[in-house]
>>> print(open('protein08.txt').read())   # compact mmCIF, C-alpha atoms and all ligand atoms
# COMPACT_ATOMS: atom_id res chain seq x y z
CA MET F 52 83.81 102.33 170.04
CA LYS F 53 85.63 105.00 168.18
CA THR F 54 88.72 102.77 167.79
CA LYS F 55 86.56 99.96 166.53
CA MET F 56 84.98 102.15 163.91
CA GLY F 57 88.39 103.41 162.97
CA THR F 58 89.63 99.84 162.55
CA HIS F 59 86.69 98.95 160.38
CA HIS F 60 87.23 102.01 158.41
CA SER F 61 90.90 101.29 157.71
CA TRP F 62 90.18 97.67 156.75
CA PHE F 63 87.56 98.91 154.40
CA PHE F 64 90.02 101.40 153.05
CA ILE F 65 92.69 98.76 152.48
CA ILE F 66 90.28 96.48 150.66
CA VAL F 67 89.07 99.30 148.46
CA SER F 68 92.67 100.31 147.70
CA LEU F 69 93.55 96.73 146.75
CA LEU F 70 90.58 96.52 144.44
CA HIS F 71 91.56 99.85 143.03
CA VAL F 72 95.15 98.78 142.39
CA SER F 73 94.21 95.51 140.75
CA SER F 74 91.63 97.11 138.50
CA CYS F 75 94.21 99.69 137.50
CA VAL F 76 96.78 97.25 136.13
CA SER F 77 96.37 98.80 132.74
CA PHE F 78 96.16 96.79 129.59
CA THR F 79 97.48 98.13 126.34
CA ASN F 80 98.02 96.10 123.24
CA PHE F 81 99.64 96.65 119.91
CA ALA F 82 98.28 94.11 117.45
CA PHE F 83 99.89 93.16 114.13
CA GLY F 84 98.52 90.64 111.69
CA ASP F 85 96.11 89.80 108.90
CA SER F 86 92.33 89.65 108.56
CA ILE F 87 91.98 87.33 111.57
CA VAL F 88 92.68 90.36 113.79
CA ASP F 89 92.20 93.41 111.52
CA ALA F 90 89.91 95.87 113.32
CA GLY F 91 89.23 98.07 110.29
CA ASN F 92 92.48 99.21 108.69
CA ASN F 93 91.48 97.98 105.25
CA ASN F 94 88.46 100.31 105.34
CA TYR F 95 91.00 103.07 104.68
CA LEU F 96 92.74 101.32 101.78
CA PRO F 97 91.83 100.84 98.12
CA SER F 98 91.62 97.12 98.82
CA LEU F 99 89.58 94.27 97.39
CA SER F 100 89.79 92.67 100.81
CA ARG F 101 87.35 94.46 103.08
CA ALA F 102 84.77 93.57 105.67
CA ASP F 103 83.10 96.96 105.96
CA TYR F 104 79.64 95.82 104.94
CA SER F 105 76.75 93.89 106.49
CA PRO F 106 76.49 91.15 107.63
CA TYR F 107 80.09 91.47 108.96
CA GLY F 108 79.89 92.70 112.54
CA ILE F 109 76.27 91.64 113.02
CA ASP F 110 77.07 90.45 116.57
CA PHE F 111 79.62 93.14 117.41
CA THR F 112 77.93 94.79 120.37
CA PRO F 113 80.08 97.99 120.60
CA SER F 114 78.86 99.06 117.14
CA GLY F 115 75.32 97.83 117.65
CA GLY F 116 75.81 95.18 114.97
CA LYS F 117 77.14 97.57 112.32
CA PRO F 118 80.21 96.52 110.29
CA THR F 119 83.56 97.85 111.53
CA GLY F 120 85.97 96.13 109.15
CA ARG F 121 86.41 93.09 111.40
CA TYR F 122 86.29 89.94 109.29
CA THR F 123 83.91 88.12 111.58
CA ASN F 124 80.44 88.42 113.05
CA GLY F 125 81.55 89.74 116.43
CA PHE F 126 84.70 90.13 118.50
CA THR F 127 88.13 89.10 117.21
CA ILE F 128 90.59 87.11 119.33
CA VAL F 129 92.50 90.33 120.08
CA ASP F 130 89.30 92.04 121.27
CA ILE F 131 88.39 89.15 123.55
CA VAL F 132 91.84 88.91 125.13
CA ALA F 133 91.93 92.67 125.67
CA GLN F 134 88.55 92.69 127.38
CA ALA F 135 89.44 89.72 129.58
CA LEU F 136 92.57 91.53 130.77
CA GLY F 137 90.71 94.70 131.63
CA ALA F 138 91.30 96.94 128.62
CA LYS F 139 89.34 100.16 129.02
CA THR F 140 88.73 100.41 125.29
CA LEU F 141 89.48 98.17 122.32
CA SER F 142 92.56 99.05 120.31
CA SER F 143 91.96 101.48 117.49
CA PRO F 144 92.84 100.82 113.82
CA SER F 145 96.18 102.50 113.09
CA LEU F 146 94.80 104.27 110.01
CA SER F 147 91.82 105.80 111.85
CA ALA F 148 91.93 109.46 112.84
CA ASN F 149 91.85 108.78 116.59
CA ALA F 150 94.61 106.14 116.62
CA ALA F 151 97.28 108.39 118.15
CA SER F 152 95.05 109.38 121.06
CA HIS F 153 94.33 105.68 121.66
CA ALA F 154 97.99 104.73 122.01
CA THR F 155 97.92 105.01 125.79
CA LEU F 156 94.32 103.81 126.19
CA GLY F 157 93.51 100.46 124.60
CA GLY F 158 96.41 100.52 122.19
CA ILE F 159 96.61 100.44 118.42
CA ASN F 160 95.78 97.75 115.88
CA TYR F 161 98.03 97.68 112.81
CA ALA F 162 96.64 94.48 111.26
CA SER F 163 95.46 94.38 107.68
CA GLY F 164 93.37 91.86 105.76
CA ALA F 165 95.15 90.02 102.91
CA SER F 166 98.59 90.91 104.29
CA GLY F 167 101.43 88.52 104.96
CA ILE F 168 104.87 88.25 106.45
CA LEU F 169 106.32 88.59 102.96
CA GLU F 170 105.92 91.81 101.02
CA GLY F 171 104.39 90.24 97.90
CA THR F 172 101.66 88.35 99.72
CA GLY F 173 98.14 89.55 98.96
CA SER F 174 99.08 91.69 95.95
CA LEU F 175 96.02 90.23 94.23
CA PHE F 176 93.93 92.32 96.63
CA VAL F 177 95.92 95.49 95.85
CA GLY F 178 95.62 97.53 99.08
CA ARG F 179 96.94 95.91 102.26
CA LEU F 180 99.64 96.59 104.83
CA PRO F 181 102.40 93.96 104.76
CA LEU F 182 104.00 93.22 108.15
CA LYS F 183 106.94 95.53 107.42
CA THR F 184 104.56 98.46 106.76
CA GLN F 185 102.61 97.63 109.93
CA ILE F 186 105.83 97.97 111.93
CA ASP F 187 106.74 101.17 110.05
CA ASN F 188 103.37 102.50 111.20
CA PHE F 189 104.12 101.47 114.78
CA GLU F 190 107.41 103.34 114.54
CA LEU F 191 105.45 106.46 113.58
CA SER F 192 103.08 105.98 116.53
CA ARG F 193 106.09 105.54 118.79
CA ALA F 194 107.56 108.85 117.62
CA GLY F 195 104.28 110.48 118.67
CA MET F 196 104.52 108.85 122.10
CA VAL F 197 108.08 110.12 122.55
CA LYS F 198 106.82 113.67 121.90
CA THR F 199 104.36 113.43 124.78
CA MET F 200 106.05 111.00 127.19
CA GLY F 201 109.74 111.40 126.38
CA GLU F 202 112.01 108.53 125.38
CA ASN F 203 112.28 107.04 128.87
CA GLY F 204 108.56 107.38 129.53
CA THR F 205 107.80 105.69 126.22
CA GLN F 206 110.14 102.79 126.96
CA GLU F 207 108.58 102.35 130.39
CA PHE F 208 105.08 102.46 128.89
CA LEU F 209 105.86 99.98 126.08
CA LYS F 210 107.53 97.60 128.51
CA ASN F 211 104.13 96.73 129.98
CA ALA F 212 102.18 96.59 126.73
CA ILE F 213 101.33 93.33 124.98
CA PHE F 214 102.45 93.04 121.37
CA SER F 215 100.88 90.32 119.28
CA LEU F 216 101.51 89.05 115.76
CA THR F 217 98.88 86.91 114.03
CA ILE F 218 100.13 86.54 110.49
CA GLY F 219 101.40 84.01 107.94
CA SER F 220 98.15 82.42 106.68
CA ASN F 221 98.12 84.47 103.50
CA ASP F 222 101.74 83.61 102.71
CA ILE F 223 100.79 79.92 102.78
CA ILE F 224 97.57 80.45 100.80
CA THR F 225 99.48 82.48 98.18
CA ALA F 226 102.00 79.66 97.82
CA PHE F 227 99.16 77.24 97.03
CA LEU F 228 97.39 79.43 94.46
CA PRO F 229 97.51 78.20 90.87
CA ASN F 230 100.53 79.58 89.06
CA LEU F 231 98.86 82.17 86.83
CA PRO F 232 100.29 85.43 85.53
CA PHE F 233 99.76 88.33 87.97
CA ILE F 234 98.66 86.04 90.77
CA GLY F 235 102.30 85.52 91.58
CA ASN F 236 102.64 82.58 93.88
CA TYR F 237 106.08 82.05 95.34
CA ASP F 238 108.38 80.31 92.91
CA VAL F 239 110.49 78.58 95.57
CA SER F 240 110.46 75.13 97.13
CA PRO F 241 108.16 74.67 100.15
CA THR F 242 111.15 74.31 102.49
CA THR F 243 112.69 77.53 101.18
CA LEU F 244 109.36 79.31 101.58
CA LEU F 245 109.07 78.23 105.22
CA ASP F 246 112.64 79.29 105.95
CA ILE F 247 112.10 82.70 104.32
CA MET F 248 108.90 83.19 106.31
CA VAL F 249 110.55 82.29 109.62
CA SER F 250 113.66 84.39 109.00
CA ASN F 251 111.56 87.40 107.96
CA MET F 252 109.38 86.92 111.04
CA THR F 253 112.47 86.75 113.27
CA PHE F 254 113.80 89.91 111.63
CA HIS F 255 110.50 91.74 112.31
CA LEU F 256 110.35 90.49 115.91
CA LYS F 257 113.85 91.83 116.54
CA ARG F 258 112.90 95.17 115.05
CA LEU F 259 109.88 95.40 117.36
CA HIS F 260 112.12 94.50 120.28
CA LYS F 261 114.48 97.30 119.29
CA LEU F 262 111.51 99.66 119.24
CA GLY F 263 110.63 98.70 122.82
CA ALA F 264 108.40 95.59 122.69
CA ARG F 265 109.10 93.45 125.77
CA LYS F 266 106.00 91.23 125.96
CA THR F 267 105.36 89.69 122.58
CA VAL F 268 102.90 86.98 121.57
CA VAL F 269 103.54 85.16 118.30
CA VAL F 270 100.49 83.25 117.08
CA ASP F 271 101.14 80.32 114.76
CA ILE F 272 99.12 79.42 111.65
CA GLY F 273 95.91 77.40 111.99
CA PRO F 274 94.92 74.35 109.90
CA LEU F 275 94.09 76.30 106.73
CA GLY F 276 93.70 73.05 104.81
CA CYS F 277 90.34 72.73 106.60
CA ILE F 278 88.87 76.18 105.90
CA PRO F 279 85.86 76.19 103.54
CA PHE F 280 87.70 78.27 100.89
CA VAL F 281 90.57 75.79 100.55
CA ARG F 282 88.29 72.74 100.73
CA SER F 283 86.02 74.29 98.11
CA ILE F 284 88.74 75.08 95.53
CA HIS F 285 90.10 71.54 95.94
CA PHE F 286 86.64 69.90 95.81
CA LEU F 287 87.10 68.25 99.20
CA PRO F 288 84.00 66.65 100.74
CA ASP F 289 82.75 67.22 104.29
CA GLY F 290 85.27 66.23 106.94
CA LYS F 291 88.22 66.17 104.51
CA CYS F 292 91.04 68.72 104.66
CA HIS F 293 93.91 69.57 102.33
CA GLU F 294 96.46 67.41 104.14
CA GLU F 295 99.48 68.59 102.17
CA MET F 296 98.78 72.19 103.17
CA ASN F 297 98.24 71.26 106.82
CA ALA F 298 101.48 69.26 106.88
CA LEU F 299 103.38 72.26 105.50
CA ILE F 300 101.78 74.51 108.13
CA ARG F 301 102.78 72.11 110.92
CA ARG F 302 106.38 72.23 109.67
CA TYR F 303 106.25 76.03 109.59
CA ASN F 304 104.78 76.19 113.10
CA GLN F 305 107.54 73.93 114.40
CA LYS F 306 110.23 76.14 112.86
CA LEU F 307 108.50 79.24 114.20
CA ARG F 308 108.32 77.77 117.71
CA THR F 309 112.06 77.06 117.62
CA ALA F 310 112.77 80.60 116.42
CA VAL F 311 110.57 82.16 119.12
CA HIS F 312 112.23 80.14 121.89
CA GLY F 313 115.59 81.07 120.40
CA LEU F 314 114.69 84.75 120.77
CA ASN F 315 113.97 84.23 124.47
CA GLU F 316 117.50 82.94 124.93
CA GLU F 317 119.09 85.56 122.72
CA MET F 318 117.29 88.57 124.25
CA GLY F 319 117.66 87.54 127.90
CA SER F 320 115.37 88.04 130.86
CA GLY F 321 114.29 91.61 130.08
CA SER F 322 111.74 90.42 127.55
CA VAL F 323 109.44 87.47 126.85
CA PHE F 324 108.33 86.03 123.52
CA VAL F 325 105.32 83.72 123.81
CA PHE F 326 104.58 81.12 121.16
CA ALA F 327 100.81 80.59 120.89
CA ASN F 328 99.64 77.34 119.35
CA SER F 329 96.33 78.07 117.62
CA TYR F 330 96.74 75.09 115.26
CA ASP F 331 96.02 72.46 117.89
CA VAL F 332 93.21 74.49 119.44
CA ILE F 333 91.40 74.86 116.10
CA ASN F 334 92.18 71.29 115.12
CA GLY F 335 90.68 70.15 118.43
CA MET F 336 87.51 72.10 117.65
CA LEU F 337 87.32 70.52 114.19
CA GLN F 338 87.78 66.99 115.53
CA ASN F 339 85.54 67.20 118.58
CA TYR F 340 83.23 69.95 117.49
CA ARG F 341 80.18 68.79 119.44
CA ASP F 342 82.14 69.03 122.70
CA TYR F 343 82.63 72.71 121.91
CA GLY F 344 78.98 73.32 121.09
CA PHE F 345 79.35 73.45 117.31
CA GLU F 346 77.07 71.66 114.86
CA ASN F 347 78.76 72.59 111.59
CA VAL F 348 82.51 72.84 110.94
CA ASN F 349 82.33 72.31 107.15
CA ASP F 350 80.32 75.24 105.83
CA PRO F 351 80.65 78.96 106.35
CA CYS F 352 77.77 80.62 108.19
CA CYS F 353 77.80 83.40 105.60
CA GLY F 354 78.22 82.42 101.93
CA GLU F 355 77.63 79.17 100.14
CA PHE F 356 80.28 76.47 100.33
CA PHE F 357 80.42 76.03 96.57
CA PRO F 358 81.45 77.53 94.22
CA LEU F 359 83.91 80.16 95.53
CA SER F 360 82.11 81.17 98.60
CA PHE F 361 81.95 84.84 99.39
CA CYS F 362 80.02 86.42 102.18
CA LEU F 363 78.26 88.99 100.03
CA ARG F 364 77.21 92.51 100.76
CA ILE F 365 73.65 92.90 101.91
CA GLY F 366 71.72 95.96 100.87
CA ASP F 367 68.69 95.74 103.10
CA GLU F 368 68.88 94.86 106.78
CA ASN F 369 65.86 92.59 106.30
CA GLU F 370 67.73 90.44 103.81
CA ILE F 371 70.33 89.49 106.39
CA SER F 372 68.42 86.55 107.78
CA THR F 373 68.16 84.92 104.35
CA ASN F 374 71.88 85.12 103.65
CA ILE F 375 73.40 83.69 106.79
CA CYS F 376 72.96 80.57 108.89
CA ASP F 377 70.24 80.45 111.51
CA ASP F 378 72.41 79.99 114.58
CA ARG F 379 75.80 81.66 114.26
CA SER F 380 77.06 80.18 117.50
CA LYS F 381 76.81 76.66 116.00
CA TYR F 382 79.19 77.30 113.09
CA LEU F 383 82.95 77.28 113.54
CA PHE F 384 83.43 79.36 110.38
CA TRP F 385 81.75 82.70 109.97
CA ASP F 386 82.78 83.00 106.31
CA SER F 387 84.95 80.83 104.08
CA TYR F 388 88.19 82.04 105.67
CA HIS F 389 87.51 83.23 109.19
CA PRO F 390 86.35 81.73 112.47
CA GLY F 391 83.17 83.12 113.95
CA GLU F 392 82.99 84.83 117.32
CA ALA F 393 82.08 81.57 119.11
CA ALA F 394 85.34 79.98 117.88
CA ASN F 395 87.28 83.17 118.60
CA PHE F 396 86.12 82.98 122.23
CA ILE F 397 87.45 79.45 122.55
CA ILE F 398 90.79 80.32 120.92
CA ALA F 399 91.13 83.41 123.13
CA GLN F 400 90.41 81.40 126.30
CA HIS F 401 93.20 78.98 125.38
CA MET F 402 95.62 81.85 124.81
CA LEU F 403 94.68 83.50 128.08
CA ASN F 404 94.68 80.43 130.30
CA GLY F 405 96.28 77.62 128.32
CA ASP F 406 99.03 75.28 129.52
CA GLU F 407 102.49 75.08 127.97
CA ASN F 408 101.15 73.03 125.03
CA THR F 409 99.08 76.03 124.00
CA CYS F 410 101.24 78.94 125.12
CA SER F 411 104.90 78.68 125.97
CA PRO F 412 106.77 79.66 128.07
CA LEU F 413 103.80 81.58 129.59
CA ASN F 414 100.15 82.08 128.75
CA VAL F 415 98.90 85.56 127.95
CA ARG F 416 97.37 86.13 131.40
CA GLN F 417 100.70 85.28 133.04
CA LEU F 418 102.55 87.42 130.52
CA HIS F 419 100.29 90.35 131.33
CA SER F 420 100.86 90.13 135.09
CA LEU F 421 104.59 89.51 134.76
CA LYS F 422 106.71 92.26 136.31
CA LEU F 423 109.68 92.92 134.06
C1 LIG L 1 116.59 108.27 130.83
O1 LIG L 1 117.17 107.07 131.32
C2 LIG L 1 118.59 107.12 131.33
C3 LIG L 1 119.10 105.73 131.69
O2 LIG L 1 118.23 105.05 132.54
C4 LIG L 1 119.05 108.19 132.31
O3 LIG L 1 120.47 108.26 132.35
C5 LIG L 1 118.49 109.53 131.87
O4 LIG L 1 118.82 110.51 132.83
C6 LIG L 1 116.99 109.44 131.71
N1 LIG L 1 116.50 110.68 131.08
C7 LIG L 1 115.51 111.36 131.56
C8 LIG L 1 115.12 112.59 130.79
O5 LIG L 1 114.88 111.03 132.57
C1 LIG L 2 112.53 88.10 103.56
O1 LIG L 2 111.85 87.56 102.44
C2 LIG L 2 112.39 87.92 101.19
C3 LIG L 2 111.52 87.30 100.13
O2 LIG L 2 110.23 87.88 100.19
C4 LIG L 2 113.82 87.44 101.08
O3 LIG L 2 114.36 87.85 99.84
C5 LIG L 2 114.62 88.04 102.22
O4 LIG L 2 115.91 87.51 102.21
C6 LIG L 2 113.97 87.71 103.56
N1 LIG L 2 114.66 88.43 104.63
C7 LIG L 2 115.12 87.83 105.73
C8 LIG L 2 115.75 88.69 106.76
O5 LIG L 2 115.04 86.64 105.87
>>> encode(input="protein08.txt", output="structure tokens", more="lines below")
Ligand SMILES: *[C@@H]1O[C@H](CO)[C@@H](O)[C@H](O)[C@H]1NC(C)=O
Ligand SMILES: *[C@@H]1O[C@H](CO)[C@@H](O)[C@H](O)[C@H]1NC(C)=O
Amino acid sequence: MKTKMGTHHSWFFIIVSLLHVSSCVSFTNFAFGDSIVDAGNNNYLPSLSRADYSPYGIDFTPSGGKPTGRYTNGFTIVDIVAQALGAKTLSSPSLSANAASHATLGGINYASGASGILEGTGSLFVGRLPLKTQIDNFELSRAGMVKTMGENGTQEFLKNAIFSLTIGSNDIITAFLPNLPFIGNYDVSPTTLLDIMVSNMTFHLKRLHKLGARKTVVVDIGPLGCIPFVRSIHFLPDGKCHEEMNALIRRYNQKLRTAVHGLNEEMGSGSVFVFANSYDVINGMLQNYRDYGFENVNDPCCGEFFPLSFCLRIGDENEISTNICDDRSKYLFWDSYHPGEAANFIIAQHMLNGDENTCSPLNVRQLHSLKL
């Protein structure tokens, strides 16, 4: 009897320990990028690009529906991936006061609305953190980690963290802006622009690798030719996209994919760079939107389609319902630039669980559990 109880007890103990171990595979992420993944950094900048007002964040449960600086109605792709992989807290904006203490919890978010791979991108919006500055800020965070964990401890810690870069859209949009003084689009041929973007991106990825990143996800650029803002300034009717812009983006994504796979060969088996194909996922949603539960993929949920559609600040909570669409889950676009939470969930699921057409050489779930 006693032995039997003891046996039961040890089995129970083993099962509990296993559960304990698997729930303790910690998840930390360091996110870089633009407004698609900004978690509030621009709130701290003198920027014309901000999402720190209602109705932004209306479905963001951790804040009770209050705006946080996220450029969507609810969770961003980075938030959703982090939660799915067991993050204890969401990553903190790098410019917030508690960022340093979050480094070893959920991680830190360096992304900034209006920013690009290239330094000049987004200058129209004044305040923003270009990719180089975002990595400078990571280097500062890293110095703080070394103070508390030592150099070896920091390297060991960073080895298991997921780094992600979701950036490049604003470089393309800038290149397509009308050539007016002070707006400064890039005065180079499209092919040169793509090559400069990819070589700068490669440069930044190598710098992050040098700073200790070993699991890095590089997200490509979505079909921007189909976002309400671009369709609106080019007077494109429902269902029509700016095909020239989309073709340029596909060429960029192809070059980026080649560069990312090249880094895997160059850096060897101690690190993995994942190329994440958001273009095809979003394009699939646009083409077969009813299969994904959407009813409208032409208009933004917040803001009118025409003319220049901004999701405007709302003074009174009661006004909210008159300024946004009735059912936010039925719109692919939350505002004229950004997917809504419903679309972000679908994109995040593809990144987590997708096959090699979506994420190569591994998906993000496999990357997370990989033992380096
Ligand atoms: C750090 O790692 C290096 C190489 O693995 C080792 O030689 C050194 O003793 C370690 N330093 C500390 C403080 O543990
Ligand atoms: C990065 O882009 C700039 C243009 O913004 C270009 O002058 C520079 O050569 C690029 N750097 C790399 C490493 O490709």
>>> atom_distance(input="protein08.txt", atom1="CA of Gln305 in chain F", atom2="CA of Asn251 in chain F")
15.5 Å
>>> residues_near_ligand(input="protein08.txt", ligand="ligand LIG 1 (chain L)", cutoff="12 Å", atoms="only C-alpha atoms and all ligand atoms", output="list in words")
Val197, Met200, Gly201, Glu202, Asn203, Gly204, Thr205, Gln206 and Glu207 of chain F
>>> residues_around(input="protein08.txt", residues="range 406-419 of chain F", least_positions_apart="5", cutoff="7 Å", atoms="only C-alpha atoms", output="list in words")
Lys266, Val325, Phe326, Ala327, Asn328 and His401 of chain F
>>> closest_residue(input="protein08.txt", among="F:Arg121, F:Arg258, F:Arg341, F:Arg265", to="ligand LIG 2 (chain L)", atoms="all atoms listed in the file")
F:Arg258
>>> closest_residue(input="protein08.txt", among="F:Phe324, F:Phe208, F:Phe254, F:Tyr388", to="ligand LIG 2 (chain L)", atoms="only C-alpha atoms and all ligand atoms")
F:Phe254
>>> closest_residue(input="protein08.txt", among="F:Thr225, F:Ser320, F:Pro274, F:Glu294", to="Gly335 in chain F", atoms="only C-alpha atoms")
F:Pro274
>>> closest_atom_pairs(input="protein08.txt", of="chain F", to="ligand LIG 2 (chain L)", cutoff="8 Å", atoms="only C-alpha atoms and all ligand atoms", output="tab-separated table")
residue	atom	partner	partner_atom	distance
F:Leu169	CA	L:LIG2	O2	4.8
F:Glu170	CA	L:LIG2	O2	5.9
F:Gly171	CA	L:LIG2	O2	6.7
F:Asp246	CA	L:LIG2	O5	7.7
F:Ile247	CA	L:LIG2	O5	5.2
F:Met248	CA	L:LIG2	O1	6.5
F:Val249	CA	L:LIG2	O5	7.3
F:Ser250	CA	L:LIG2	O5	4.1
F:Asn251	CA	L:LIG2	O5	4.1
F:Met252	CA	L:LIG2	O5	7.7
F:Thr253	CA	L:LIG2	C8	7.5
F:Phe254	CA	L:LIG2	C8	5.4
>>> closest_residue(input="protein08.txt", among="F:Phe361, F:Tyr330, F:Phe286, F:Tyr122", to="Asn374 in chain F", atoms="only C-alpha atoms")
F:Phe361
>>> residues_around(input="protein08.txt", residues="Pro241 in chain F", least_positions_apart="6", cutoff="12 Å", atoms="only C-alpha atoms", output="list of chain:residue names")
F:Asp222, F:Ile223, F:Thr225, F:Ala226, F:Phe227, F:Ile247, F:Met248, F:Glu295, F:Met296, F:Ala298, F:Leu299, F:Ile300, F:Arg302, F:Tyr303
>>> write_last_selection(input="protein08.txt", atoms="C-alpha atoms", output="PDB file, in the frame of the given file")
ATOM      1  CA  ASP F 222     101.740  83.610 102.710  1.00  0.00           C
ATOM      2  CA  ILE F 223     100.790  79.920 102.780  1.00  0.00           C
ATOM      3  CA  THR F 225      99.480  82.480  98.180  1.00  0.00           C
ATOM      4  CA  ALA F 226     102.000  79.660  97.820  1.00  0.00           C
ATOM      5  CA  PHE F 227      99.160  77.240  97.030  1.00  0.00           C
ATOM      6  CA  ILE F 247     112.100  82.700 104.320  1.00  0.00           C
ATOM      7  CA  MET F 248     108.900  83.190 106.310  1.00  0.00           C
ATOM      8  CA  GLU F 295      99.480  68.590 102.170  1.00  0.00           C
ATOM      9  CA  MET F 296      98.780  72.190 103.170  1.00  0.00           C
ATOM     10  CA  ALA F 298     101.480  69.260 106.880  1.00  0.00           C
ATOM     11  CA  LEU F 299     103.380  72.260 105.500  1.00  0.00           C
ATOM     12  CA  ILE F 300     101.780  74.510 108.130  1.00  0.00           C
ATOM     13  CA  ARG F 302     106.380  72.230 109.670  1.00  0.00           C
ATOM     14  CA  TYR F 303     106.250  76.030 109.590  1.00  0.00           C
TER      15      TYR F 303
END
>>> atom_distance(input="protein08.txt", atom1="CA of Pro181 in chain F", atom2="CA of Ser105 in chain F")
25.7 Å
>>> atom_distance(input="protein08.txt", atom1="CA of Tyr340 in chain F", atom2="CA of Ser163 in chain F")
29.0 Å
>>> closest_residue(input="protein08.txt", among="F:Lys261, F:Arg379, F:Lys422, F:Lys139", to="Ile109 in chain F", atoms="only C-alpha atoms")
F:Arg379
>>> residues_around(input="protein08.txt", residues="Val129 in chain F", least_positions_apart="3", cutoff="7 Å", atoms="all atoms listed in the file", output="VMD selection string")
chain F and resid 88 132 to 133
>>> axis_aligned_box(input="protein08.txt", around="range 289-299 of chain F", padding_each_side="8 Å", output="JSON")
{"center_x": 93.1, "center_y": 69.2, "center_z": 104.6, "size_x": 36.6, "size_y": 22.1, "size_z": 20.8}
>>> closest_residue(input="protein08.txt", among="F:Ala310, F:Ala393, F:Ile272, F:Leu209", to="Glu346 in chain F", atoms="only C-alpha atoms")
F:Ala393
